[in-house]
file data-v9.cif (mmCIF, C-alpha atoms)
data_input
loop_
_atom_site.label_atom_id
_atom_site.label_comp_id
_atom_site.auth_asym_id
_atom_site.auth_seq_id
_atom_site.Cartn_x
_atom_site.Cartn_y
_atom_site.Cartn_z
CA MET M 1 198.86 -38.59 53.63
CA THR M 2 198.32 -41.54 55.98
CA SER M 3 194.78 -42.48 56.96
CA ASP M 4 195.59 -42.47 60.68
CA PRO M 5 198.35 -39.97 61.44
CA ARG M 6 200.26 -40.89 64.61
CA GLU M 7 201.73 -37.44 65.16
CA ILE M 8 200.49 -34.70 62.89
CA HIS M 9 203.19 -32.29 64.03
CA ASP M 10 205.92 -34.48 62.50
CA LEU M 11 204.64 -33.89 58.98
CA PRO M 12 207.07 -32.13 56.65
CA GLU M 13 205.97 -28.48 56.27
CA GLU M 14 205.27 -28.78 52.57
CA GLU M 15 203.02 -31.76 53.18
CA PHE M 16 201.14 -29.91 55.91
CA LEU M 17 200.62 -26.83 53.72
CA ALA M 18 199.47 -28.90 50.76
CA GLU M 19 197.01 -30.79 52.95
CA VAL M 20 195.36 -27.81 54.66
CA HIS M 21 195.02 -25.81 51.46
CA SER M 22 193.34 -28.64 49.57
CA PHE M 23 189.74 -28.85 48.51
CA GLU M 24 189.66 -32.35 50.01
CA PHE M 25 190.63 -31.01 53.47
CA TRP M 26 188.01 -28.26 53.24
CA PHE M 27 185.29 -30.67 52.21
CA GLN M 28 185.96 -33.11 55.07
CA ALA M 29 186.30 -30.22 57.54
CA ILE M 30 182.94 -28.58 56.78
CA GLU M 31 181.22 -31.95 56.68
CA GLY M 32 181.90 -32.19 60.42
CA TYR M 33 179.86 -29.14 61.38
CA LEU M 34 177.53 -28.53 58.45
CA GLY M 35 176.33 -32.08 57.82
CA GLY M 36 172.66 -32.39 58.78
CA THR M 37 172.03 -28.65 59.00
CA THR M 38 169.47 -26.64 57.04
CA TRP M 39 170.02 -22.96 56.27
CA GLY M 40 173.11 -23.03 58.44
CA HIS M 41 171.63 -24.40 61.65
CA ARG M 42 170.54 -27.72 63.12
CA ALA M 43 166.91 -28.72 62.96
CA ASP M 44 165.82 -27.61 66.40
CA PRO M 45 168.24 -25.34 68.21
CA GLY M 46 165.39 -24.06 70.41
CA THR M 47 163.03 -21.14 70.06
CA VAL M 48 162.82 -17.80 71.71
CA LEU M 49 160.12 -15.33 70.80
CA LEU M 50 161.73 -12.01 70.00
CA SER M 51 160.04 -8.79 71.01
CA ASP M 52 159.62 -6.16 68.27
CA PRO M 53 162.61 -4.09 69.42
CA GLU M 54 164.76 -7.26 69.68
CA ARG M 55 163.73 -8.34 66.21
CA ASP M 56 164.43 -4.89 64.82
CA ARG M 57 167.88 -4.83 66.43
CA LEU M 58 168.71 -8.27 65.05
CA VAL M 59 167.65 -7.23 61.54
CA SER M 60 170.02 -4.24 61.75
CA VAL M 61 172.87 -6.45 62.96
CA LEU M 62 172.31 -8.99 60.19
CA CYS M 63 172.14 -6.23 57.55
CA ASN M 64 175.59 -5.08 58.67
CA TYR M 65 176.88 -8.66 58.67
CA MET M 66 175.52 -9.05 55.13
CA VAL M 67 177.62 -6.14 53.88
CA GLY M 68 180.73 -7.74 55.36
CA GLU M 69 179.91 -11.12 53.87
CA LEU M 70 179.08 -9.67 50.45
CA ALA M 71 182.36 -7.74 50.55
CA ALA M 72 184.21 -10.96 51.34
CA LEU M 73 182.35 -12.90 48.63
CA ASP M 74 183.22 -10.30 45.97
CA GLY M 75 186.73 -9.97 47.37
CA ALA M 76 187.56 -13.68 47.62
CA SER M 77 186.20 -14.42 44.14
CA GLY M 78 188.30 -11.59 42.66
CA LEU M 79 191.37 -12.72 44.57
CA VAL M 80 191.27 -16.22 43.05
CA ALA M 81 192.62 -14.72 39.81
CA LEU M 82 195.33 -12.75 41.64
CA ALA M 83 196.54 -15.55 43.92
CA PRO M 84 200.29 -16.09 43.54
CA SER M 85 200.21 -19.86 44.02
CA HIS M 86 198.10 -22.89 43.25
CA ARG M 87 197.56 -23.46 46.99
CA ALA M 88 196.29 -19.92 47.56
CA LYS M 89 194.03 -20.19 44.52
CA VAL M 90 192.42 -23.42 45.74
CA PHE M 91 192.02 -22.08 49.28
CA LEU M 92 190.36 -18.89 48.02
CA ALA M 93 187.99 -20.96 45.91
CA THR M 94 186.88 -22.72 49.10
CA GLN M 95 186.54 -19.33 50.80
CA VAL M 96 184.25 -18.16 47.99
CA ALA M 97 181.98 -21.11 48.76
CA ASP M 98 182.10 -20.29 52.49
CA GLU M 99 181.24 -16.63 51.91
CA ALA M 100 178.39 -17.50 49.55
CA ARG M 101 177.01 -19.82 52.23
CA HIS M 102 177.23 -17.03 54.83
CA VAL M 103 175.38 -14.62 52.56
CA GLU M 104 172.72 -17.26 51.95
CA VAL M 105 172.14 -18.20 55.60
CA PHE M 106 172.07 -14.60 56.84
CA ARG M 107 169.72 -13.68 54.04
CA HIS M 108 167.46 -16.59 54.90
CA ARG M 109 167.51 -15.55 58.56
CA LEU M 110 166.43 -12.05 57.50
CA GLN M 111 163.51 -13.58 55.61
CA GLU M 112 162.54 -15.58 58.70
CA LEU M 113 162.52 -12.31 60.61
CA GLY M 114 160.02 -10.87 58.12
CA VAL M 115 162.35 -8.95 55.80
CA ALA M 116 160.87 -9.20 52.31
CA ASP M 117 163.42 -7.09 50.42
CA ALA M 118 166.85 -7.80 51.86
CA GLU M 119 168.74 -5.48 49.49
CA ALA M 120 166.56 -2.49 50.37
CA GLU M 121 166.84 -3.24 54.07
CA ILE M 122 170.63 -3.58 53.86
CA ALA M 123 170.93 -0.27 51.99
CA ARG M 124 168.80 1.41 54.65
CA ARG M 125 170.38 -0.11 57.75
CA ALA M 126 174.05 -0.88 57.03
CA SER M 127 176.51 1.58 58.57
CA PRO M 128 178.31 3.99 56.21
CA SER M 129 181.69 2.80 57.52
CA VAL M 130 181.12 -0.86 56.65
CA GLN M 131 179.82 0.16 53.21
CA GLU M 132 182.90 2.34 52.70
CA PHE M 133 185.07 -0.60 53.76
CA ARG M 134 183.41 -2.73 51.10
CA ARG M 135 184.16 -0.07 48.48
CA ARG M 136 187.81 0.14 49.56
CA LEU M 137 188.20 -3.65 49.38
CA ARG M 138 186.64 -3.75 45.93
CA GLY M 139 189.08 -1.02 44.86
CA PHE M 140 192.07 -3.10 45.99
CA VAL M 141 190.81 -6.14 44.10
CA GLU M 142 190.04 -4.15 40.95
CA GLY M 143 193.47 -2.55 41.19
CA LYS M 144 194.97 -6.07 41.39
CA ASP M 145 196.69 -5.13 44.65
CA TRP M 146 197.02 -8.62 46.14
CA PRO M 147 198.67 -7.74 49.49
CA ALA M 148 196.37 -4.80 50.21
CA ALA M 149 193.26 -6.78 49.28
CA LEU M 150 194.36 -9.81 51.29
CA PHE M 151 195.15 -7.61 54.29
CA ALA M 152 191.83 -5.75 54.13
CA GLN M 153 189.80 -8.88 53.59
CA ASN M 154 191.45 -11.78 55.40
CA VAL M 155 193.09 -9.88 58.25
CA VAL M 156 190.98 -6.80 58.98
CA LEU M 157 187.50 -7.91 57.94
CA GLU M 158 187.81 -11.57 58.93
CA CYS M 159 189.37 -10.74 62.32
CA LEU M 160 186.51 -8.41 63.13
CA GLU M 161 183.86 -10.87 61.98
CA PHE M 162 185.53 -13.70 63.88
CA ALA M 163 185.48 -11.70 67.12
CA VAL M 164 182.10 -9.99 66.68
CA PHE M 165 180.31 -13.24 65.80
CA GLN M 166 181.77 -14.98 68.86
CA ASP M 167 180.50 -12.25 71.16
CA HIS M 168 177.12 -12.07 69.46
CA ALA M 169 176.67 -15.87 69.54
CA ARG M 170 176.86 -15.76 73.36
CA GLU M 171 173.72 -13.66 73.70
CA ALA M 172 171.83 -14.30 70.46
CA ASP M 173 168.57 -16.26 70.14
CA PRO M 174 169.17 -20.02 69.62
CA VAL M 175 168.73 -20.05 65.84
CA THR M 176 170.97 -17.05 65.20
CA ALA M 177 173.53 -18.34 67.71
CA ASP M 178 173.68 -21.74 66.01
CA ILE M 179 174.16 -20.11 62.60
CA LEU M 180 176.90 -17.85 63.96
CA ARG M 181 178.79 -20.69 65.66
CA ARG M 182 179.04 -22.56 62.37
CA VAL M 183 180.07 -19.41 60.48
CA ILE M 184 182.82 -18.83 63.07
CA LYS M 185 184.26 -22.26 62.23
CA ASP M 186 184.69 -21.09 58.62
CA GLU M 187 186.14 -17.75 59.71
CA ARG M 188 188.92 -19.52 61.62
CA ARG M 189 190.32 -20.77 58.31
CA HIS M 190 189.97 -17.38 56.62
CA VAL M 191 191.74 -15.52 59.43
CA GLY M 192 194.57 -18.05 59.49
CA PHE M 193 195.01 -18.03 55.73
CA GLY M 194 195.29 -14.23 55.62
CA GLU M 195 197.76 -13.93 58.46
CA ASN M 196 200.00 -16.78 57.30
CA GLU M 197 199.97 -15.90 53.62
CA LEU M 198 200.74 -12.24 54.34
CA GLY M 199 203.22 -13.14 57.07
CA ARG M 200 205.28 -15.16 54.61
CA GLN M 201 205.35 -12.23 52.15
CA LEU M 202 206.09 -9.60 54.78
CA ALA M 203 209.01 -11.55 56.18
CA ALA M 204 210.85 -11.03 52.89
CA ASP M 205 209.62 -7.56 51.93
CA ARG M 206 210.26 -4.58 54.25
CA PRO M 207 208.84 -1.92 51.88
CA LEU M 208 205.60 -3.92 51.74
CA ARG M 209 205.49 -3.96 55.54
CA ARG M 210 205.75 -0.14 55.60
CA ARG M 211 203.06 0.20 52.92
CA LEU M 212 200.64 -2.11 54.73
CA ALA M 213 201.34 -0.37 58.04
CA ARG M 214 200.26 2.90 56.37
CA LEU M 215 197.18 1.20 54.93
CA ARG M 216 196.41 -0.23 58.36
CA ARG M 217 196.39 3.29 59.84
CA GLU M 218 194.01 4.43 57.08
CA LEU M 219 191.66 1.50 57.52
CA ASP M 220 191.72 1.81 61.32
CA VAL M 221 189.37 4.79 61.09
CA LEU M 222 186.79 2.63 59.33
CA VAL M 223 187.51 -0.32 61.62
CA LEU M 224 186.97 1.74 64.78
CA ASP M 225 183.83 3.29 63.37
CA THR M 226 182.45 -0.07 62.29
CA LEU M 227 183.31 -1.56 65.68
CA ALA M 228 181.61 1.27 67.56
CA GLY M 229 178.50 0.96 65.37
CA THR M 230 178.33 -2.82 65.74
CA ALA M 231 178.89 -2.64 69.48
CA ARG M 232 176.04 -0.16 69.75
CA ILE M 233 173.59 -2.30 67.77
CA VAL M 234 174.60 -5.64 69.30
CA GLY M 235 174.51 -4.00 72.72
CA LEU M 236 178.09 -4.73 73.72
CA ASP M 237 179.57 -2.99 76.74
CA THR M 238 183.07 -1.45 76.72
CA THR M 239 184.67 -4.75 77.72
CA GLY M 240 183.03 -6.51 74.79
CA SER M 241 184.21 -3.86 72.33
CA GLU M 242 187.75 -4.05 73.70
CA ARG M 243 187.72 -7.84 73.43
CA ILE M 244 186.66 -7.64 69.79
CA GLY M 245 189.26 -5.00 69.00
CA ARG M 246 191.97 -7.06 70.71
CA ALA M 247 191.79 -9.91 68.17
CA TYR M 248 192.48 -7.46 65.36
CA VAL M 249 195.25 -5.63 67.23
CA GLU M 250 196.97 -8.92 68.13
CA ALA M 251 196.94 -10.02 64.49
CA VAL M 252 198.43 -6.80 63.12
CA GLU M 253 200.98 -6.82 65.92
CA ARG M 254 202.10 -10.35 65.01
CA LEU M 255 202.46 -9.18 61.41
CA GLY M 256 204.56 -6.21 62.55
CA LEU M 257 202.06 -3.68 61.22
CA LEU M 258 201.35 -1.75 64.40
CA ARG M 259 204.19 0.75 63.96
CA MET R 260 192.26 -34.82 78.69
CA SER R 261 193.97 -38.07 77.89
CA ASP R 262 195.84 -40.23 80.31
CA PRO R 263 199.60 -40.05 80.03
CA LEU R 264 201.22 -43.40 79.53
CA HIS R 265 204.40 -42.23 81.16
CA GLU R 266 206.21 -44.26 78.61
CA LEU R 267 209.62 -42.90 79.30
CA VAL R 268 211.38 -42.79 76.02
CA SER R 269 214.44 -40.71 75.59
CA GLU R 270 214.16 -39.17 72.15
CA ARG R 271 217.76 -38.30 71.87
CA ALA R 272 219.79 -41.13 73.25
CA GLY R 273 223.00 -40.04 74.86
CA GLN R 274 221.82 -36.53 75.69
CA LEU R 275 221.06 -35.25 79.17
CA GLU R 276 217.59 -33.99 78.23
CA PRO R 277 215.04 -35.75 80.44
CA PRO R 278 212.73 -38.09 78.57
CA ARG R 279 209.37 -36.81 77.44
CA GLN R 280 206.01 -38.02 78.67
CA ARG R 281 203.95 -39.71 75.98
CA PHE R 282 200.19 -39.27 75.68
CA VAL R 283 197.37 -41.24 74.15
CA LEU R 284 194.92 -38.83 72.53
CA GLU R 285 191.26 -39.76 72.72
CA ASP R 286 189.56 -39.77 69.33
CA ASP R 287 186.64 -37.49 70.13
CA THR R 288 187.39 -34.17 71.80
CA GLY R 289 184.20 -32.63 70.44
CA PHE R 290 186.24 -30.61 67.98
CA ASP R 291 184.70 -30.91 64.52
CA GLU R 292 186.48 -28.34 62.36
CA VAL R 293 189.05 -30.61 60.75
CA PRO R 294 188.69 -33.98 58.99
CA LYS R 295 187.93 -36.83 61.40
CA LYS R 296 191.41 -38.35 61.27
CA TYR R 297 192.94 -35.13 62.68
CA ARG R 298 190.37 -34.24 65.31
CA LYS R 299 192.21 -35.81 68.25
CA PHE R 300 195.02 -33.27 67.79
CA TYR R 301 192.77 -30.34 68.64
CA ARG R 302 190.22 -29.29 71.21
CA LYS R 303 188.15 -26.23 72.03
CA TRP R 304 189.69 -23.72 74.41
CA ALA R 305 187.54 -23.00 77.49
CA GLY R 306 189.00 -19.55 78.15
CA PRO R 307 191.70 -18.12 80.42
CA ASP R 308 190.90 -20.58 83.23
CA ASP R 309 191.50 -23.58 80.94
CA ARG R 310 194.66 -25.27 82.27
CA LEU R 311 196.67 -26.80 79.47
CA ALA R 312 198.32 -30.20 79.82
CA PRO R 313 202.06 -30.65 79.13
CA ASN R 314 201.22 -31.87 75.61
CA GLU R 315 199.01 -28.88 74.79
CA VAL R 316 199.53 -25.32 73.62
CA LEU R 317 197.11 -22.58 72.57
CA CYS R 318 197.12 -21.31 68.99
CA PRO R 319 197.48 -17.51 69.25
CA VAL R 320 195.82 -17.00 65.86
CA CYS R 321 192.56 -18.88 66.27
CA LYS R 322 192.50 -19.83 69.99
CA VAL R 323 192.18 -23.56 69.54
CA VAL R 324 194.13 -25.92 71.83
CA ILE R 325 196.71 -27.91 69.86
CA ARG R 326 197.57 -31.36 71.23
CA SER R 327 200.50 -33.68 70.70
CA THR R 328 201.20 -37.31 71.51
CA ARG R 329 204.25 -36.15 73.46
CA GLU R 330 205.07 -33.58 76.06
CA LEU R 331 205.85 -30.26 74.36
CA ARG R 332 209.03 -28.31 74.96
CA PRO R 333 210.41 -24.95 73.80
CA GLY R 334 211.64 -25.19 70.24
CA ASP R 335 209.08 -27.81 69.17
CA ARG R 336 207.10 -27.19 66.01
CA VAL R 337 203.35 -27.77 66.02
CA TYR R 338 200.68 -27.27 63.39
CA CYS R 339 197.29 -25.66 63.83
CA MET R 340 195.21 -27.25 61.09
CA PRO R 341 192.00 -25.29 61.82
CA CYS R 342 193.75 -22.01 60.90
CA MET R 343 196.63 -23.49 58.87
CA SER R 344 199.37 -22.00 61.07
CA ARG R 345 202.85 -23.36 61.70
CA LEU R 346 203.92 -22.58 65.24
CA ILE R 347 207.00 -22.81 67.42
CA VAL R 348 206.63 -23.58 71.12
CA VAL R 349 208.32 -21.05 73.42
CA GLN R 350 208.54 -20.49 77.18
CA GLY R 351 206.19 -17.65 78.09
CA ALA R 352 206.93 -14.88 80.58
CA ASN R 353 205.03 -16.69 83.35
CA GLY R 354 206.81 -19.98 82.70
CA THR R 355 204.01 -21.63 80.75
CA LEU R 356 204.38 -22.83 77.18
CA GLU R 357 203.16 -20.57 74.41
CA ALA R 358 203.14 -20.85 70.65
CA ARG R 359 204.51 -18.28 68.21
CA VAL R 360 203.52 -18.20 64.56
CA ALA R 361 206.33 -19.12 62.19
CA TYR R 362 205.40 -17.61 58.86
#
call {"tool": "encode", "arguments": {"input": "data-v9.cif", "output": "structure tokens"}}
result
Amino acid sequence: MTSDPREIHDLPEEEFLAEVHSFEFWFQAIEGYLGGTTWGHRADPGTVLLSDPERDRLVSVLCNYMVGELAALDGASGLVALAPSHRAKVFLATQVADEARHVEVFRHRLQELGVADAEAEIARRASPSVQEFRRRLRGFVEGKDWPAALFAQNVVLECLEFAVFQDHAREADPVTADILRRVIKDERRHVGFGENELGRQLAADRPLRRRLARLRRELDVLVLDTLAGTARIVGLDTTGSERIGRAYVEAVERLGLLR
Amino acid sequence: MSDPLHELVSERAGQLEPPRQRFVLEDDTGFDEVPKKYRKFYRKWAGPDDRLAPNEVLCPVCKVVIRSTRELRPGDRVYCMPCMSRLIVVQGANGTLEARVAY
């Protein structure tokens, strides 16, 4: 790879894929937006005093985010062993680090908000649908079902997180918003990895497309339920919920899984 | 957005295709999600009212604006490094350029 690429789009495809799936690429990428931060945010993003109901609502939201991030951490770490290529293995290893960071910064934010026992609070506040989703994902990984696990984790879950976090960051307090904006930058890679990796497999495997389309219909119940619950807690209106759902629908449509 | 140099270079000598505009990409677009050496090829998208230049196209997967040193045309291949997608430029229904994922 040259040190000063004149036209990145002229790179041979293999060279591009090797570059973006490398640990070196990941390290230099995250350095750009995580360097100089502490617990996932810059030193002084501003302060807003939260009222008790606002604080309570934020704790509930973060507890639900934690379930998603823990699901992705367990999922990505299990998928490293199932990955069909060296590139996918290395990428998933970087995703494990990303997910662990997300768990850590959300957990720290919960502590800042006065939550002493995060696990107990998560068990009490997380929606049944997101907890069920976590169980389903774990089942796919334990069953060594690479395409189903990748679809559930890097398409369904990551698409929802990517969209929900963007909406939430617009109205969140400065610290939470700053944390979310940096998490979103990680999610962009996870979403892209899932869609492209699965897209390559689906292009050559029609039975797999039919199987994942069936799985998509099954998971949609949980997705819709999780979306409705999140929208209610975050305080999104109908337009916000539709916008979040759209990112997921567009992704499954591109993959040919809407039928 | 960068200033076009209007360096009229026909990429395929002998063909009737009009020459492409060339662009100088500024180093800092404020986009920090890829290693420094690649940052000039990407910028944040400002939403539906964001008018794209002739050397830009929106990544449908992650909604980042992809930039090239040359004017883009249907059939061109571009890479979205932030989400690792390979894309093909197509003419959209309203005449603007769009990108389709090429798995």
call {"tool": "resolve_selection", "arguments": {"input": "data-v9.cif", "expression": "the PyMOL selection byres ((chain R) within 10 of (chain M))", "output": "number ranges by chain"}}
result
R: 283-284, 290-300, 319-323, 325-329, 335-346, 359-362
call {"tool": "write_last_selection", "arguments": {"input": "data-v9.cif", "atoms": "C-alpha atoms", "output": "PDB file, in the frame of the given file"}}
result
ATOM      1  CA  VAL R 283     197.370 -41.240  74.150  1.00  0.00           C
ATOM      2  CA  LEU R 284     194.920 -38.830  72.530  1.00  0.00           C
ATOM      3  CA  PHE R 290     186.240 -30.610  67.980  1.00  0.00           C
ATOM      4  CA  ASP R 291     184.700 -30.910  64.520  1.00  0.00           C
ATOM      5  CA  GLU R 292     186.480 -28.340  62.360  1.00  0.00           C
ATOM      6  CA  VAL R 293     189.050 -30.610  60.750  1.00  0.00           C
ATOM      7  CA  PRO R 294     188.690 -33.980  58.990  1.00  0.00           C
ATOM      8  CA  LYS R 295     187.930 -36.830  61.400  1.00  0.00           C
ATOM      9  CA  LYS R 296     191.410 -38.350  61.270  1.00  0.00           C
ATOM     10  CA  TYR R 297     192.940 -35.130  62.680  1.00  0.00           C
ATOM     11  CA  ARG R 298     190.370 -34.240  65.310  1.00  0.00           C
ATOM     12  CA  LYS R 299     192.210 -35.810  68.250  1.00  0.00           C
ATOM     13  CA  PHE R 300     195.020 -33.270  67.790  1.00  0.00           C
ATOM     14  CA  PRO R 319     197.480 -17.510  69.250  1.00  0.00           C
ATOM     15  CA  VAL R 320     195.820 -17.000  65.860  1.00  0.00           C
ATOM     16  CA  CYS R 321     192.560 -18.880  66.270  1.00  0.00           C
ATOM     17  CA  LYS R 322     192.500 -19.830  69.990  1.00  0.00           C
ATOM     18  CA  VAL R 323     192.180 -23.560  69.540  1.00  0.00           C
ATOM     19  CA  ILE R 325     196.710 -27.910  69.860  1.00  0.00           C
ATOM     20  CA  ARG R 326     197.570 -31.360  71.230  1.00  0.00           C
ATOM     21  CA  SER R 327     200.500 -33.680  70.700  1.00  0.00           C
ATOM     22  CA  THR R 328     201.200 -37.310  71.510  1.00  0.00           C
ATOM     23  CA  ARG R 329     204.250 -36.150  73.460  1.00  0.00           C
ATOM     24  CA  ASP R 335     209.080 -27.810  69.170  1.00  0.00           C
ATOM     25  CA  ARG R 336     207.100 -27.190  66.010  1.00  0.00           C
ATOM     26  CA  VAL R 337     203.350 -27.770  66.020  1.00  0.00           C
ATOM     27  CA  TYR R 338     200.680 -27.270  63.390  1.00  0.00           C
ATOM     28  CA  CYS R 339     197.290 -25.660  63.830  1.00  0.00           C
ATOM     29  CA  MET R 340     195.210 -27.250  61.090  1.00  0.00           C
ATOM     30  CA  PRO R 341     192.000 -25.290  61.820  1.00  0.00           C
ATOM     31  CA  CYS R 342     193.750 -22.010  60.900  1.00  0.00           C
ATOM     32  CA  MET R 343     196.630 -23.490  58.870  1.00  0.00           C
ATOM     33  CA  SER R 344     199.370 -22.000  61.070  1.00  0.00           C
ATOM     34  CA  ARG R 345     202.850 -23.360  61.700  1.00  0.00           C
ATOM     35  CA  LEU R 346     203.920 -22.580  65.240  1.00  0.00           C
ATOM     36  CA  ARG R 359     204.510 -18.280  68.210  1.00  0.00           C
ATOM     37  CA  VAL R 360     203.520 -18.200  64.560  1.00  0.00           C
ATOM     38  CA  ALA R 361     206.330 -19.120  62.190  1.00  0.00           C
ATOM     39  CA  TYR R 362     205.400 -17.610  58.860  1.00  0.00           C
TER      40      TYR R 362
END
call {"tool": "closest_residue", "arguments": {"input": "data-v9.cif", "among": "M:Thr238, M:Ser22, M:Gln131, M:Gln111", "to": "M:Ala88", "atoms": "only C-alpha atoms"}}
result
M:Ser22
call {"tool": "residues_around", "arguments": {"input": "data-v9.cif", "residues": "M:Val223", "least_positions_apart": "4", "cutoff": "9 Å", "atoms": "only C-alpha atoms", "output": "VMD selection string"}}
result
chain M and resid 129 to 130 133 156 to 157 160 219 227 to 228 245
call {"tool": "residues_around", "arguments": {"input": "data-v9.cif", "residues": "stretch 68-84 of chain M", "least_positions_apart": "4", "cutoff": "8 Å", "atoms": "all atoms listed in the file", "output": "PyMOL selection string"}}
result
chain M and resi 64+88-90+92-93+95-96+99-100+102-103+130+134+137-138+141-142+144+146+149-150+153+157+161
call {"tool": "residues_around", "arguments": {"input": "data-v9.cif", "residues": "M:Ala169", "least_positions_apart": "4", "cutoff": "10 Å", "atoms": "all atoms listed in the file", "output": "count of residues only"}}
result
12
call {"tool": "atom_distance", "arguments": {"input": "data-v9.cif", "atom1": "atom CA of R:Gln350", "atom2": "atom CA of M:Ala204"}}
result
26.2 Å
call {"tool": "closest_residue", "arguments": {"input": "data-v9.cif", "among": "R:Leu311, R:Gly289, R:Val316, R:Arg332", "to": "R:Pro277", "atoms": "all atoms listed in the file"}}
result
R:Arg332
call {"tool": "axis_aligned_box", "arguments": {"input": "data-v9.cif", "around": "stretch 139-144 of chain M", "padding_each_side": "4 Å", "output": "JSON"}}
result
{"center_x": 192.0, "center_y": -3.6, "center_z": 43.5, "size_x": 13.9, "size_y": 13.1, "size_z": 13.0}
call {"tool": "atom_distance", "arguments": {"input": "data-v9.cif", "atom1": "atom CA of M:Asp98", "atom2": "atom CA of M:Val183"}}
result
8.3 Å
call {"tool": "resolve_selection", "arguments": {"input": "data-v9.cif", "expression": "the PyMOL selection byres ((chain R and resi 334) around 6)", "output": "number ranges by chain"}}
result
R: 333, 335, 347-348
call {"tool": "atom_distance", "arguments": {"input": "data-v9.cif", "atom1": "atom CA of M:Asp225", "atom2": "atom CA of M:Gly40"}}
result
28.8 Å
call {"tool": "build_atoms", "arguments": {"input": "data-v9.cif", "residues": "stretch 83-96 of chain M", "atoms": "N, CA and C atoms", "output": "compact mmCIF listing (two decimals), in the coordinates of the input"}}
result
# COMPACT_ATOMS: atom_id res chain seq x y z
N ALA M 83 195.76 -14.73 42.98
CA ALA M 83 196.54 -15.55 43.92
C ALA M 83 197.88 -15.96 43.31
N PRO M 84 198.96 -15.83 44.09
CA PRO M 84 200.29 -16.09 43.54
C PRO M 84 200.69 -17.56 43.50
N SER M 85 199.84 -18.44 44.02
CA SER M 85 200.21 -19.86 44.02
C SER M 85 198.97 -20.72 43.83
N HIS M 86 199.21 -21.96 43.43
CA HIS M 86 198.10 -22.89 43.25
C HIS M 86 197.37 -23.10 44.58
N ARG M 87 198.17 -23.23 45.67
CA ARG M 87 197.56 -23.46 46.99
C ARG M 87 196.63 -22.32 47.38
N ALA M 88 197.11 -21.09 47.19
CA ALA M 88 196.29 -19.92 47.56
C ALA M 88 195.03 -19.86 46.70
N LYS M 89 195.17 -20.21 45.44
CA LYS M 89 194.03 -20.19 44.52
C LYS M 89 192.95 -21.18 44.99
N VAL M 90 193.39 -22.39 45.32
CA VAL M 90 192.42 -23.42 45.74
C VAL M 90 191.77 -23.00 47.07
N PHE M 91 192.60 -22.49 47.99
CA PHE M 91 192.02 -22.08 49.28
C PHE M 91 190.97 -20.99 49.06
N LEU M 92 191.31 -19.99 48.24
CA LEU M 92 190.36 -18.89 48.02
C LEU M 92 189.08 -19.37 47.35
N ALA M 93 189.20 -20.40 46.52
CA ALA M 93 187.99 -20.96 45.91
C ALA M 93 187.09 -21.55 47.00
N THR M 94 187.70 -22.18 48.00
CA THR M 94 186.88 -22.72 49.10
C THR M 94 186.29 -21.57 49.92
N GLN M 95 187.07 -20.48 50.04
CA GLN M 95 186.54 -19.33 50.80
C GLN M 95 185.35 -18.70 50.08
N VAL M 96 185.40 -18.69 48.75
CA VAL M 96 184.25 -18.16 47.99
C VAL M 96 182.99 -18.95 48.36
